[in-house]
>>> print(open('input08.cif').read())   # mmCIF, C-alpha atoms
data_model
loop_
_atom_site.group_PDB
_atom_site.id
_atom_site.type_symbol
_atom_site.label_atom_id
_atom_site.label_comp_id
_atom_site.auth_asym_id
_atom_site.auth_seq_id
_atom_site.Cartn_x
_atom_site.Cartn_y
_atom_site.Cartn_z
ATOM 1 C CA MET A 1 55.445 -23.762 19.907
ATOM 2 C CA THR A 2 53.993 -26.250 22.419
ATOM 3 C CA VAL A 3 56.212 -28.954 23.881
ATOM 4 C CA VAL A 4 54.602 -31.862 25.752
ATOM 5 C CA VAL A 5 56.467 -34.291 27.995
ATOM 6 C CA THR A 6 54.371 -37.450 27.807
ATOM 7 C CA PRO A 7 53.399 -39.774 30.681
ATOM 8 C CA TYR A 8 55.383 -42.483 28.864
ATOM 9 C CA VAL A 9 58.724 -41.497 30.386
ATOM 10 C CA LEU A 10 60.377 -44.382 32.199
ATOM 11 C CA ALA A 11 61.358 -44.600 35.858
ATOM 12 C CA GLY A 12 59.122 -41.716 36.891
ATOM 13 C CA GLY A 13 61.396 -39.336 35.027
ATOM 14 C CA GLY A 14 58.695 -37.135 33.476
ATOM 15 C CA PRO A 15 58.647 -34.483 36.215
ATOM 16 C CA ILE A 16 62.437 -34.564 36.496
ATOM 17 C CA VAL A 17 63.204 -34.031 32.815
ATOM 18 C CA THR A 18 60.474 -31.360 32.677
ATOM 19 C CA GLU A 19 62.137 -29.404 35.480
ATOM 20 C CA GLU A 20 65.593 -29.874 33.953
ATOM 21 C CA ILE A 21 64.327 -28.404 30.662
ATOM 22 C CA ARG A 22 62.602 -25.510 32.436
ATOM 23 C CA ALA A 23 65.772 -24.765 34.382
ATOM 24 C CA ARG A 24 67.634 -24.360 31.089
ATOM 25 C CA ARG A 25 64.904 -22.594 29.075
ATOM 26 C CA PRO A 26 62.201 -21.190 31.422
ATOM 27 C CA ASN A 27 60.382 -19.482 28.562
ATOM 28 C CA ILE A 28 59.578 -22.670 26.637
ATOM 29 C CA ASP A 29 55.848 -23.430 26.360
ATOM 30 C CA LEU A 30 56.240 -26.756 28.125
ATOM 31 C CA GLU A 31 53.562 -29.070 29.544
ATOM 32 C CA HIS A 32 53.991 -32.340 31.398
ATOM 33 C CA ALA A 33 51.102 -34.754 30.934
ATOM 34 C CA GLU A 34 50.898 -36.811 34.112
ATOM 35 C CA SER A 35 48.245 -39.241 32.854
ATOM 36 C CA GLU A 36 47.086 -40.773 29.584
ATOM 37 C CA ASP A 37 43.851 -38.793 29.732
ATOM 38 C CA GLU A 38 45.739 -35.521 30.156
ATOM 39 C CA PHE A 39 48.076 -36.489 27.346
ATOM 40 C CA ARG A 40 45.159 -37.161 24.984
ATOM 41 C CA GLU A 41 43.922 -33.646 25.679
ATOM 42 C CA LEU A 42 47.302 -31.990 25.152
ATOM 43 C CA VAL A 43 48.585 -33.963 22.172
ATOM 44 C CA ALA A 44 46.171 -32.383 19.693
ATOM 45 C CA ASP A 45 47.971 -29.038 20.067
ATOM 46 C CA ALA A 46 51.504 -30.369 20.544
ATOM 47 C CA ASP A 47 54.232 -29.345 18.133
ATOM 48 C CA VAL A 48 56.920 -31.360 19.956
ATOM 49 C CA LEU A 49 56.789 -34.482 22.135
ATOM 50 C CA VAL A 50 59.435 -35.618 24.633
ATOM 51 C CA THR A 51 58.975 -39.306 25.419
ATOM 52 C CA HIS A 52 60.400 -42.792 25.809
ATOM 53 C CA ARG A 53 57.753 -44.417 23.623
ATOM 54 C CA LEU A 54 54.850 -43.538 21.385
ATOM 55 C CA PRO A 55 51.513 -45.384 21.608
ATOM 56 C CA GLU A 56 49.727 -46.326 18.406
ATOM 57 C CA GLY A 57 47.564 -43.631 16.889
ATOM 58 C CA VAL A 58 49.452 -40.676 18.369
ATOM 59 C CA PRO A 59 50.770 -39.282 15.061
ATOM 60 C CA GLU A 60 47.237 -39.323 13.640
ATOM 61 C CA ALA A 61 45.840 -37.571 16.732
ATOM 62 C CA ALA A 62 48.443 -34.823 16.689
ATOM 63 C CA ASP A 63 47.765 -32.610 13.676
ATOM 64 C CA ASP A 64 50.461 -30.069 14.588
ATOM 65 C CA LEU A 65 53.165 -32.553 15.604
ATOM 66 C CA GLU A 66 56.480 -31.888 13.848
ATOM 67 C CA TRP A 67 59.148 -33.450 16.048
ATOM 68 C CA ILE A 68 59.556 -36.201 18.646
ATOM 69 C CA GLN A 69 62.538 -36.167 20.978
ATOM 70 C CA ALA A 70 63.028 -39.755 22.135
ATOM 71 C CA LEU A 71 64.618 -40.156 25.558
ATOM 72 C CA SER A 72 66.562 -43.222 24.446
ATOM 73 C CA ALA A 73 69.366 -44.063 22.072
ATOM 74 C CA GLY A 74 67.504 -46.951 20.445
ATOM 75 C CA THR A 75 64.321 -46.256 18.482
ATOM 76 C CA ASP A 76 63.711 -49.596 16.778
ATOM 77 C CA PHE A 77 60.281 -49.770 18.490
ATOM 78 C CA TYR A 78 58.983 -46.602 16.752
ATOM 79 C CA ASP A 79 56.932 -46.814 13.559
ATOM 80 C CA TYR A 80 59.310 -45.060 11.162
ATOM 81 C CA ASP A 81 56.904 -45.345 8.230
ATOM 82 C CA ALA A 82 54.056 -43.642 10.106
ATOM 83 C CA LEU A 83 56.345 -40.787 11.145
ATOM 84 C CA THR A 84 57.787 -40.418 7.644
ATOM 85 C CA ASP A 85 54.310 -40.338 6.095
ATOM 86 C CA ARG A 86 53.363 -37.409 8.342
ATOM 87 C CA ASP A 87 56.754 -35.687 7.986
ATOM 88 C CA ILE A 88 57.461 -35.928 11.728
ATOM 89 C CA ALA A 89 61.112 -35.804 12.758
ATOM 90 C CA LEU A 90 62.416 -38.315 15.320
ATOM 91 C CA THR A 91 65.609 -37.645 17.275
ATOM 92 C CA THR A 92 67.393 -39.631 19.980
ATOM 93 C CA VAL A 93 69.638 -38.917 22.952
ATOM 94 C CA SER A 94 72.382 -41.050 21.458
ATOM 95 C CA GLY A 95 75.703 -40.336 23.130
ATOM 96 C CA ILE A 96 74.475 -39.536 26.643
ATOM 97 C CA HIS A 97 75.012 -43.165 27.668
ATOM 98 C CA ALA A 98 78.576 -43.308 26.362
ATOM 99 C CA LYS A 99 80.410 -42.644 29.639
ATOM 100 C CA PRO A 100 78.447 -45.010 31.913
ATOM 101 C CA ILE A 101 78.340 -47.757 29.288
ATOM 102 C CA GLY A 102 82.030 -47.313 28.571
ATOM 103 C CA GLN A 103 82.761 -47.694 32.281
ATOM 104 C CA GLN A 104 80.486 -50.743 32.485
ATOM 105 C CA VAL A 105 82.336 -52.374 29.595
ATOM 106 C CA LEU A 106 85.680 -51.641 31.220
ATOM 107 C CA GLY A 107 84.341 -53.298 34.370
ATOM 108 C CA TYR A 108 83.346 -56.369 32.363
ATOM 109 C CA LEU A 109 86.808 -56.595 30.811
ATOM 110 C CA LEU A 110 88.514 -56.329 34.200
ATOM 111 C CA HIS A 111 86.064 -58.835 35.686
ATOM 112 C CA PHE A 112 87.281 -61.503 33.293
ATOM 113 C CA GLU A 113 90.881 -60.398 32.875
ATOM 114 C CA ARG A 114 91.576 -60.070 36.617
ATOM 115 C CA ARG A 115 89.402 -63.144 37.299
ATOM 116 C CA PHE A 116 86.975 -61.526 39.703
ATOM 117 C CA ASP A 117 84.536 -64.308 38.807
ATOM 118 C CA ARG A 118 86.927 -66.775 40.449
ATOM 119 C CA ALA A 119 87.422 -64.460 43.414
ATOM 120 C CA VAL A 120 83.667 -64.306 44.059
ATOM 121 C CA ALA A 121 83.316 -68.088 43.743
ATOM 122 C CA GLN A 122 86.197 -68.693 46.125
ATOM 123 C CA GLN A 123 84.858 -66.197 48.624
ATOM 124 C CA GLN A 124 81.514 -67.973 48.679
ATOM 125 C CA ARG A 125 83.377 -71.222 49.430
ATOM 126 C CA ARG A 126 85.638 -69.465 51.996
ATOM 127 C CA GLU A 127 88.544 -70.776 49.948
ATOM 128 C CA TRP A 128 92.012 -69.187 49.934
ATOM 129 C CA ASP A 129 93.664 -70.227 46.686
ATOM 130 C CA ARG A 130 95.957 -67.722 45.015
ATOM 131 C CA TYR A 131 95.807 -67.367 41.245
ATOM 132 C CA THR A 132 97.302 -65.194 38.517
ATOM 133 C CA GLY A 133 95.339 -62.453 36.775
ATOM 134 C CA GLY A 134 95.935 -61.263 33.251
ATOM 135 C CA GLU A 135 96.666 -57.810 31.810
ATOM 136 C CA LEU A 136 94.456 -56.011 29.342
ATOM 137 C CA GLY A 137 97.564 -54.682 27.615
ATOM 138 C CA ASP A 138 98.099 -58.184 26.242
ATOM 139 C CA ARG A 139 94.645 -58.271 24.667
ATOM 140 C CA THR A 140 92.826 -57.127 21.557
ATOM 141 C CA VAL A 141 89.376 -55.621 22.039
ATOM 142 C CA GLY A 142 87.153 -55.674 18.973
ATOM 143 C CA ILE A 143 84.246 -53.227 18.876
ATOM 144 C CA VAL A 144 81.325 -53.803 16.540
ATOM 145 C CA GLY A 145 79.938 -50.313 16.021
ATOM 146 C CA VAL A 146 82.496 -47.614 16.754
ATOM 147 C CA GLY A 147 79.972 -44.829 17.282
ATOM 148 C CA ALA A 148 79.614 -42.647 20.364
ATOM 149 C CA ILE A 149 79.580 -45.595 22.781
ATOM 150 C CA GLY A 150 82.150 -47.665 20.918
ATOM 151 C CA SER A 151 84.479 -44.671 20.732
ATOM 152 C CA GLN A 152 84.156 -44.136 24.484
ATOM 153 C CA VAL A 153 85.002 -47.787 25.104
ATOM 154 C CA ALA A 154 88.079 -47.410 22.911
ATOM 155 C CA ASP A 155 89.083 -44.264 24.785
ATOM 156 C CA TYR A 156 88.778 -45.988 28.162
ATOM 157 C CA CYS A 157 90.922 -48.878 26.883
ATOM 158 C CA GLN A 158 93.795 -46.564 25.941
ATOM 159 C CA PRO A 159 95.430 -46.192 29.392
ATOM 160 C CA PHE A 160 95.643 -49.989 29.603
ATOM 161 C CA ASP A 161 97.602 -50.224 26.315
ATOM 162 C CA VAL A 162 94.881 -52.371 24.773
ATOM 163 C CA ARG A 163 94.937 -52.967 21.051
ATOM 164 C CA VAL A 164 91.546 -51.813 19.782
ATOM 165 C CA ILE A 165 90.057 -52.755 16.432
ATOM 166 C CA GLY A 166 86.511 -52.344 15.206
ATOM 167 C CA THR A 167 83.876 -51.899 12.545
ATOM 168 C CA LYS A 168 82.053 -48.748 11.528
ATOM 169 C CA ARG A 169 79.690 -47.923 8.685
ATOM 170 C CA ASP A 170 81.916 -44.973 7.763
ATOM 171 C CA PRO A 171 85.483 -46.012 8.650
ATOM 172 C CA SER A 172 86.941 -42.735 7.363
ATOM 173 C CA ASP A 173 86.078 -40.930 10.625
ATOM 174 C CA VAL A 174 87.442 -42.640 13.735
ATOM 175 C CA LEU A 175 89.292 -41.803 16.962
ATOM 176 C CA ASP A 176 93.045 -42.205 17.382
ATOM 177 C CA ALA A 177 92.228 -44.647 20.213
ATOM 178 C CA VAL A 178 91.212 -47.212 17.575
ATOM 179 C CA ASP A 179 94.258 -48.958 16.124
ATOM 180 C CA GLU A 180 92.524 -50.459 13.108
ATOM 181 C CA ILE A 181 89.071 -49.846 11.670
ATOM 182 C CA PHE A 182 87.050 -51.800 9.112
ATOM 183 C CA ASP A 183 83.759 -51.300 7.332
ATOM 184 C CA PRO A 184 81.026 -53.866 8.152
ATOM 185 C CA ASP A 185 82.460 -56.283 5.573
ATOM 186 C CA GLY A 186 85.538 -56.592 7.789
ATOM 187 C CA LEU A 187 83.610 -58.163 10.660
ATOM 188 C CA GLU A 188 85.170 -61.588 10.151
ATOM 189 C CA THR A 189 88.655 -60.137 10.616
ATOM 190 C CA VAL A 190 87.570 -58.388 13.819
ATOM 191 C CA LEU A 191 86.023 -61.618 15.120
ATOM 192 C CA ALA A 192 89.127 -63.650 14.391
ATOM 193 C CA GLU A 193 91.494 -61.201 16.094
ATOM 194 C CA SER A 194 89.459 -60.256 19.193
ATOM 195 C CA ASP A 195 90.083 -61.524 22.707
ATOM 196 C CA TYR A 196 87.091 -59.453 23.799
ATOM 197 C CA LEU A 197 84.294 -58.648 21.368
ATOM 198 C CA VAL A 198 82.171 -55.653 22.386
ATOM 199 C CA LEU A 199 78.838 -55.180 20.616
ATOM 200 C CA ALA A 200 77.915 -51.486 20.495
ATOM 201 C CA CYS A 201 75.925 -51.318 17.270
ATOM 202 C CA PRO A 202 72.279 -50.297 16.843
ATOM 203 C CA LEU A 203 69.654 -52.936 16.127
ATOM 204 C CA THR A 204 68.801 -52.785 12.427
ATOM 205 C CA ASP A 205 67.791 -55.263 9.760
ATOM 206 C CA GLU A 206 71.496 -55.714 9.042
ATOM 207 C CA THR A 207 72.566 -56.297 12.657
ATOM 208 C CA ARG A 208 69.680 -58.500 13.829
ATOM 209 C CA GLY A 209 71.208 -61.930 14.475
ATOM 210 C CA LEU A 210 74.610 -60.629 13.342
ATOM 211 C CA ILE A 211 76.478 -62.695 15.924
ATOM 212 C CA ASP A 212 75.206 -66.118 14.916
ATOM 213 C CA ALA A 213 76.725 -69.583 15.198
ATOM 214 C CA ASP A 214 79.202 -68.900 12.375
ATOM 215 C CA ALA A 215 80.318 -65.614 13.936
ATOM 216 C CA LEU A 216 80.733 -67.259 17.345
ATOM 217 C CA ALA A 217 82.772 -70.040 15.751
ATOM 218 C CA THR A 218 85.100 -67.438 14.247
ATOM 219 C CA LEU A 219 85.887 -66.080 17.707
ATOM 220 C CA GLY A 220 88.652 -67.842 19.600
ATOM 221 C CA ASP A 221 87.755 -70.482 22.182
ATOM 222 C CA ASP A 222 88.952 -68.150 24.966
ATOM 223 C CA ALA A 223 87.255 -65.012 23.633
ATOM 224 C CA ILE A 224 84.751 -63.096 25.753
ATOM 225 C CA LEU A 225 81.561 -61.677 24.222
ATOM 226 C CA VAL A 226 80.298 -58.378 25.672
ATOM 227 C CA ASN A 227 76.841 -57.196 24.594
ATOM 228 C CA ILE A 228 75.636 -53.718 25.561
ATOM 229 C CA ALA A 229 73.842 -53.164 22.224
ATOM 230 C CA ARG A 230 70.541 -55.031 21.850
ATOM 231 C CA GLY A 231 69.795 -58.640 22.726
ATOM 232 C CA ALA A 232 68.613 -59.453 19.209
ATOM 233 C CA VAL A 233 72.047 -58.671 17.759
ATOM 234 C CA VAL A 234 73.103 -62.061 19.149
ATOM 235 C CA ASP A 235 71.596 -65.452 18.309
ATOM 236 C CA GLN A 236 71.084 -66.347 21.984
ATOM 237 C CA PRO A 237 70.555 -70.126 21.539
ATOM 238 C CA ALA A 238 73.741 -70.257 19.454
ATOM 239 C CA LEU A 239 75.570 -68.377 22.232
ATOM 240 C CA VAL A 240 74.372 -70.883 24.835
ATOM 241 C CA GLU A 241 75.496 -73.761 22.610
ATOM 242 C CA ALA A 242 78.938 -72.204 22.141
ATOM 243 C CA LEU A 243 79.352 -71.721 25.888
ATOM 244 C CA GLU A 244 78.188 -75.248 26.694
ATOM 245 C CA ALA A 245 80.646 -76.663 24.134
ATOM 246 C CA ASP A 246 83.529 -74.634 25.648
ATOM 247 C CA GLU A 247 83.939 -72.880 22.317
ATOM 248 C CA LEU A 248 83.869 -69.478 23.995
ATOM 249 C CA GLY A 249 85.640 -68.129 27.064
ATOM 250 C CA GLY A 250 82.581 -66.419 28.489
ATOM 251 C CA ALA A 251 80.137 -63.551 28.077
ATOM 252 C CA ALA A 252 79.095 -60.334 29.789
ATOM 253 C CA LEU A 253 75.510 -59.562 28.855
ATOM 254 C CA ASP A 254 73.436 -56.500 29.714
ATOM 255 C CA VAL A 255 70.765 -57.073 27.051
ATOM 256 C CA PHE A 256 68.817 -60.146 25.993
ATOM 257 C CA GLU A 257 66.363 -61.409 23.379
ATOM 258 C CA GLU A 258 63.680 -61.438 26.081
ATOM 259 C CA GLU A 259 63.735 -59.062 29.034
ATOM 260 C CA PRO A 260 63.550 -59.675 31.914
ATOM 261 C CA LEU A 261 65.718 -62.722 31.291
ATOM 262 C CA PRO A 262 63.430 -65.728 31.970
ATOM 263 C CA GLU A 263 64.137 -67.673 35.156
ATOM 264 C CA GLU A 264 64.630 -70.865 33.165
ATOM 265 C CA SER A 265 67.400 -69.374 30.993
ATOM 266 C CA PRO A 266 70.633 -71.402 31.260
ATOM 267 C CA LEU A 267 72.579 -68.137 31.223
ATOM 268 C CA TRP A 268 71.705 -67.509 34.886
ATOM 269 C CA ASP A 269 73.621 -70.528 36.161
ATOM 270 C CA ARG A 270 76.843 -70.277 34.200
ATOM 271 C CA ASP A 271 80.025 -69.272 36.021
ATOM 272 C CA ASP A 272 81.448 -67.959 32.742
ATOM 273 C CA VAL A 273 78.544 -65.532 32.158
ATOM 274 C CA LEU A 274 78.054 -62.193 33.887
ATOM 275 C CA VAL A 275 74.403 -61.104 33.713
ATOM 276 C CA THR A 276 73.372 -57.506 34.398
ATOM 277 C CA PRO A 277 69.740 -56.316 34.070
ATOM 278 C CA HIS A 278 70.010 -53.759 31.232
ATOM 279 C CA VAL A 279 71.670 -51.162 33.472
ATOM 280 C CA ALA A 280 74.850 -50.333 31.551
ATOM 281 C CA GLY A 281 73.523 -46.917 30.544
ATOM 282 C CA SER A 282 72.312 -45.977 34.015
ATOM 283 C CA THR A 283 73.714 -42.777 35.484
ATOM 284 C CA PRO A 284 72.631 -40.178 38.057
ATOM 285 C CA HIS A 285 73.135 -37.586 35.299
ATOM 286 C CA TYR A 286 70.690 -39.167 32.843
ATOM 287 C CA TRP A 287 67.915 -36.570 32.977
ATOM 288 C CA GLU A 288 70.349 -33.643 32.951
ATOM 289 C CA ARG A 289 71.944 -34.972 29.779
ATOM 290 C CA CYS A 290 68.553 -35.651 28.175
ATOM 291 C CA ALA A 291 67.580 -32.046 28.872
ATOM 292 C CA ASP A 292 70.858 -30.804 27.395
ATOM 293 C CA VAL A 293 70.255 -32.726 24.160
ATOM 294 C CA PHE A 294 66.648 -31.532 23.957
ATOM 295 C CA VAL A 295 67.530 -27.865 24.496
ATOM 296 C CA ARG A 296 70.247 -27.990 21.833
ATOM 297 C CA ASN A 297 67.775 -29.538 19.413
ATOM 298 C CA TYR A 298 65.036 -27.102 20.396
ATOM 299 C CA GLU A 299 67.252 -24.186 19.345
ATOM 300 C CA ARG A 300 68.130 -25.961 16.105
ATOM 301 C CA PHE A 301 64.455 -26.686 15.455
ATOM 302 C CA ARG A 302 63.483 -23.038 15.957
ATOM 303 C CA GLU A 303 66.239 -21.900 13.604
ATOM 304 C CA GLY A 304 65.411 -24.476 10.931
ATOM 305 C CA GLU A 305 68.790 -26.171 11.319
ATOM 306 C CA ALA A 306 69.606 -29.878 11.081
ATOM 307 C CA LEU A 307 68.614 -31.730 14.246
ATOM 308 C CA GLU A 308 71.138 -33.652 16.333
ATOM 309 C CA ASN A 309 70.765 -37.459 16.330
ATOM 310 C CA ARG A 310 67.946 -37.406 13.777
ATOM 311 C CA VAL A 311 66.844 -40.893 12.670
ATOM 312 C CA VAL A 312 63.609 -39.995 10.823
#
>>> encode(input="input08.cif", output="structure tokens")
Amino acid sequence: MTVVVTPYVLAGGGPIVTEEIRARRPNIDLEHAESEDEFRELVADADVLVTHRLPEGVPEAADDLEWIQALSAGTDFYDYDALTDRDIALTTVSGIHAKPIGQQVLGYLLHFERRFDRAVAQQQRREWDRYTGGELGDRTVGIVGVGAIGSQVADYCQPFDVRVIGTKRDPSDVLDAVDEIFDPDGLETVLAESDYLVLACPLTDETRGLIDADALATLGDDAILVNIARGAVVDQPALVEALEADELGGAALDVFEEEPLPEESPLWDRDDVLVTPHVAGSTPHYWERCADVFVRNYERFREGEALENRVV
């Protein structure tokens, strides 16, 4: 069984993830294609690909291809129909980002609750003006998408005595850290009761534009929107309008409709918006965890067992 790590691995991670896999399973027939030309030569005999993305025409060029291990949690940019037609499995590394994203979200919550935004502004003005911070224990955090990441967020909220509510496609299976869970039809209730709304859902046809003008209007005027899901889950112009009308307390945004966020975006200049450049999932342990997921799936694949995080 031939495994090929493609040259389409982000941040120069191809050699790193290759070595991490080899360190765990030195006997795997594993090749790292360092260029597109080398990849085109290797892909014809590949049974498995490890990659961040898949150029057009690859499934048709790879007669033996049976499985693609994506090195991301989101796979909305893959052609599901093309993979299904050729009976090629697609799996993700969903879950490996849970700890860093959970910590990033906790940082966002503390940023607004303890008013670090005001502290930074006052420091820049060399202004000494004492103020009172809030306590997360007085707040309700609503999580849209209580999966691996949403569950980690809920877990991190527990020591602060936060009330956590949320939505999940299957609300029958949820952590004790979540005080109340709803199916997707309960979104309006979650919106109405949340002081902080954390978006942790995948981007699908159902979630695209989910947080629109009506949803934003259902949130309280002091509520904070936190998006670590996908930019397209939020109607960004409607968000800007809500902020400009003081109908929202603020937003912490790691993802956007267009990335990089254009220089002319009004979100850059707002004191009530914290912008981070799609880094919530970053961690020094990223490639190790990717390799762990791949090796577990490799053993499952060899044994004919169900693959972890399979989406196609």
>>> resolve_selection(input="input08.cif", expression="the PyMOL selection byres ((chain A and resi 152) around 12)", output="PyMOL selection string")
chain A and resi 95-106+143+145-151+153-158+164+174-178+198+200
>>> residues_around(input="input08.cif", residues="A:Asn227", least_positions_apart="2", cutoff="12 Å", atoms="only C-alpha atoms", output="PyMOL selection string")
chain A and resi 101-102+104-105+108-109+142-145+150+196-203+210-211+224-225+229-236+239+250-257+273-280
>>> atom_distance(input="input08.cif", atom1="atom CA of A:Cys290", atom2="atom CA of A:Thr51")
10.6 Å
>>> resolve_selection(input="input08.cif", expression="the PyMOL selection byres ((chain A and resi 220) around 12)", output="PyMOL selection string")
chain A and resi 140+188-197+214-219+221-225+242-243+246-250
>>> residues_near_point(input="input08.cif", point="(70.5, -69.8, 29.3)", cutoff="10 Å", atoms="only C-alpha atoms", output="PyMOL selection string")
chain A and resi 236-237+239-241+243-244+261-270+273
>>> residues_around(input="input08.cif", residues="A:Trp67", least_positions_apart="3", cutoff="9 Å", atoms="all atoms listed in the file", output="PyMOL selection string")
chain A and resi 47-50+87-91+301
>>> write_last_selection(input="input08.cif", atoms="C-alpha atoms", output="JSON list (two decimals), in the frame of the given file")
[["chain", "number", "residue", "atom", "x", "y", "z"],
["A", 47, "ASP", "CA", 54.23, -29.34, 18.13],
["A", 48, "VAL", "CA", 56.92, -31.36, 19.96],
["A", 49, "LEU", "CA", 56.79, -34.48, 22.14],
["A", 50, "VAL", "CA", 59.44, -35.62, 24.63],
["A", 87, "ASP", "CA", 56.75, -35.69, 7.99],
["A", 88, "ILE", "CA", 57.46, -35.93, 11.73],
["A", 89, "ALA", "CA", 61.11, -35.80, 12.76],
["A", 90, "LEU", "CA", 62.42, -38.32, 15.32],
["A", 91, "THR", "CA", 65.61, -37.65, 17.27],
["A", 301, "PHE", "CA", 64.46, -26.69, 15.46]]
>>> decode(input="input08.cif", residues="stretch 2-71 of chain A", atoms="C-alpha atoms", output="PDB file, in the first residue's frame")
ATOM      1  CA  THR A   2       1.595   3.274  -1.158  1.00  0.00           C
ATOM      2  CA  VAL A   3       1.031   6.448   0.839  1.00  0.00           C
ATOM      3  CA  VAL A   4       1.958   9.805  -0.715  1.00  0.00           C
ATOM      4  CA  VAL A   5       2.286  13.062   1.205  1.00  0.00           C
ATOM      5  CA  THR A   6       1.506  15.706  -1.404  1.00  0.00           C
ATOM      6  CA  PRO A   7       3.324  19.017  -1.981  1.00  0.00           C
ATOM      7  CA  TYR A   8       0.031  20.725  -1.083  1.00  0.00           C
ATOM      8  CA  VAL A   9       0.665  20.677   2.665  1.00  0.00           C
ATOM      9  CA  LEU A  10       0.507  24.141   4.187  1.00  0.00           C
ATOM     10  CA  ALA A  11       3.233  26.010   6.052  1.00  0.00           C
ATOM     11  CA  GLY A  12       6.010  23.785   4.739  1.00  0.00           C
ATOM     12  CA  GLY A  13       4.660  20.935   6.827  1.00  0.00           C
ATOM     13  CA  GLY A  14       5.098  18.149   4.258  1.00  0.00           C
ATOM     14  CA  PRO A  15       8.537  16.994   5.428  1.00  0.00           C
ATOM     15  CA  ILE A  16       7.533  17.369   9.074  1.00  0.00           C
ATOM     16  CA  VAL A  17       4.358  15.290   8.914  1.00  0.00           C
ATOM     17  CA  THR A  18       6.204  12.712   6.782  1.00  0.00           C
ATOM     18  CA  GLU A  19       8.867  12.288   9.460  1.00  0.00           C
ATOM     19  CA  GLU A  20       6.264  12.191  12.237  1.00  0.00           C
ATOM     20  CA  ILE A  21       4.457   9.353  10.429  1.00  0.00           C
ATOM     21  CA  ARG A  22       7.707   7.473   9.798  1.00  0.00           C
ATOM     22  CA  ALA A  23       8.661   7.821  13.453  1.00  0.00           C
ATOM     23  CA  ARG A  24       5.416   6.081  14.411  1.00  0.00           C
ATOM     24  CA  ARG A  25       5.289   3.478  11.612  1.00  0.00           C
ATOM     25  CA  PRO A  26       8.733   3.139   9.936  1.00  0.00           C
ATOM     26  CA  ASN A  27       7.568   0.254   7.763  1.00  0.00           C
ATOM     27  CA  ILE A  28       4.877   2.211   5.907  1.00  0.00           C
ATOM     28  CA  ASP A  29       5.523   2.593   2.165  1.00  0.00           C
ATOM     29  CA  LEU A  30       5.548   6.370   2.400  1.00  0.00           C
ATOM     30  CA  GLU A  31       6.672   8.945  -0.177  1.00  0.00           C
ATOM     31  CA  HIS A  32       6.785  12.715   0.127  1.00  0.00           C
ATOM     32  CA  ALA A  33       6.326  14.532  -3.171  1.00  0.00           C
ATOM     33  CA  GLU A  34       8.269  17.776  -2.891  1.00  0.00           C
ATOM     34  CA  SER A  35       7.049  19.266  -6.181  1.00  0.00           C
ATOM     35  CA  GLU A  36       3.998  19.126  -8.430  1.00  0.00           C
ATOM     36  CA  ASP A  37       5.969  17.270 -11.090  1.00  0.00           C
ATOM     37  CA  GLU A  38       7.063  14.621  -8.594  1.00  0.00           C
ATOM     38  CA  PHE A  39       3.519  14.346  -7.310  1.00  0.00           C
ATOM     39  CA  ARG A  40       2.158  13.759 -10.823  1.00  0.00           C
ATOM     40  CA  GLU A  41       4.584  10.867 -11.167  1.00  0.00           C
ATOM     41  CA  LEU A  42       3.728   9.310  -7.806  1.00  0.00           C
ATOM     42  CA  VAL A  43      -0.036   9.809  -7.748  1.00  0.00           C
ATOM     43  CA  ALA A  44      -0.738   7.180 -10.406  1.00  0.00           C
ATOM     44  CA  ASP A  45       0.372   4.439  -7.992  1.00  0.00           C
ATOM     45  CA  ALA A  46      -0.894   6.007  -4.765  1.00  0.00           C
ATOM     46  CA  ASP A  47      -3.409   4.147  -2.640  1.00  0.00           C
ATOM     47  CA  VAL A  48      -3.533   6.886   0.023  1.00  0.00           C
ATOM     48  CA  LEU A  49      -2.904  10.641  -0.089  1.00  0.00           C
ATOM     49  CA  VAL A  50      -2.079  12.892   2.874  1.00  0.00           C
ATOM     50  CA  THR A  51      -2.767  16.519   1.976  1.00  0.00           C
ATOM     51  CA  HIS A  52      -4.312  19.877   2.793  1.00  0.00           C
ATOM     52  CA  ARG A  53      -5.999  20.234  -0.592  1.00  0.00           C
ATOM     53  CA  LEU A  54      -6.624  18.316  -3.776  1.00  0.00           C
ATOM     54  CA  PRO A  55      -6.119  19.910  -7.211  1.00  0.00           C
ATOM     55  CA  GLU A  56      -8.670  19.245  -9.928  1.00  0.00           C
ATOM     56  CA  GLY A  57      -8.174  16.057 -11.888  1.00  0.00           C
ATOM     57  CA  VAL A  58      -6.306  14.161  -9.168  1.00  0.00           C
ATOM     58  CA  PRO A  59      -8.987  11.505  -8.549  1.00  0.00           C
ATOM     59  CA  GLU A  60      -9.087  10.744 -12.279  1.00  0.00           C
ATOM     60  CA  ALA A  61      -5.282  10.487 -12.456  1.00  0.00           C
ATOM     61  CA  ALA A  62      -5.029   8.132  -9.502  1.00  0.00           C
ATOM     62  CA  ASP A  63      -6.484   4.781 -10.546  1.00  0.00           C
ATOM     63  CA  ASP A  64      -5.529   3.040  -7.287  1.00  0.00           C
ATOM     64  CA  LEU A  65      -6.540   5.841  -4.910  1.00  0.00           C
ATOM     65  CA  GLU A  66      -8.830   4.620  -2.121  1.00  0.00           C
ATOM     66  CA  TRP A  67      -8.441   7.121   0.707  1.00  0.00           C
ATOM     67  CA  ILE A  68      -7.474  10.757   1.284  1.00  0.00           C
ATOM     68  CA  GLN A  69      -6.421  11.904   4.735  1.00  0.00           C
ATOM     69  CA  ALA A  70      -7.054  15.650   4.852  1.00  0.00           C
ATOM     70  CA  LEU A  71      -4.800  17.606   7.198  1.00  0.00           C
TER      71      LEU A  71
END
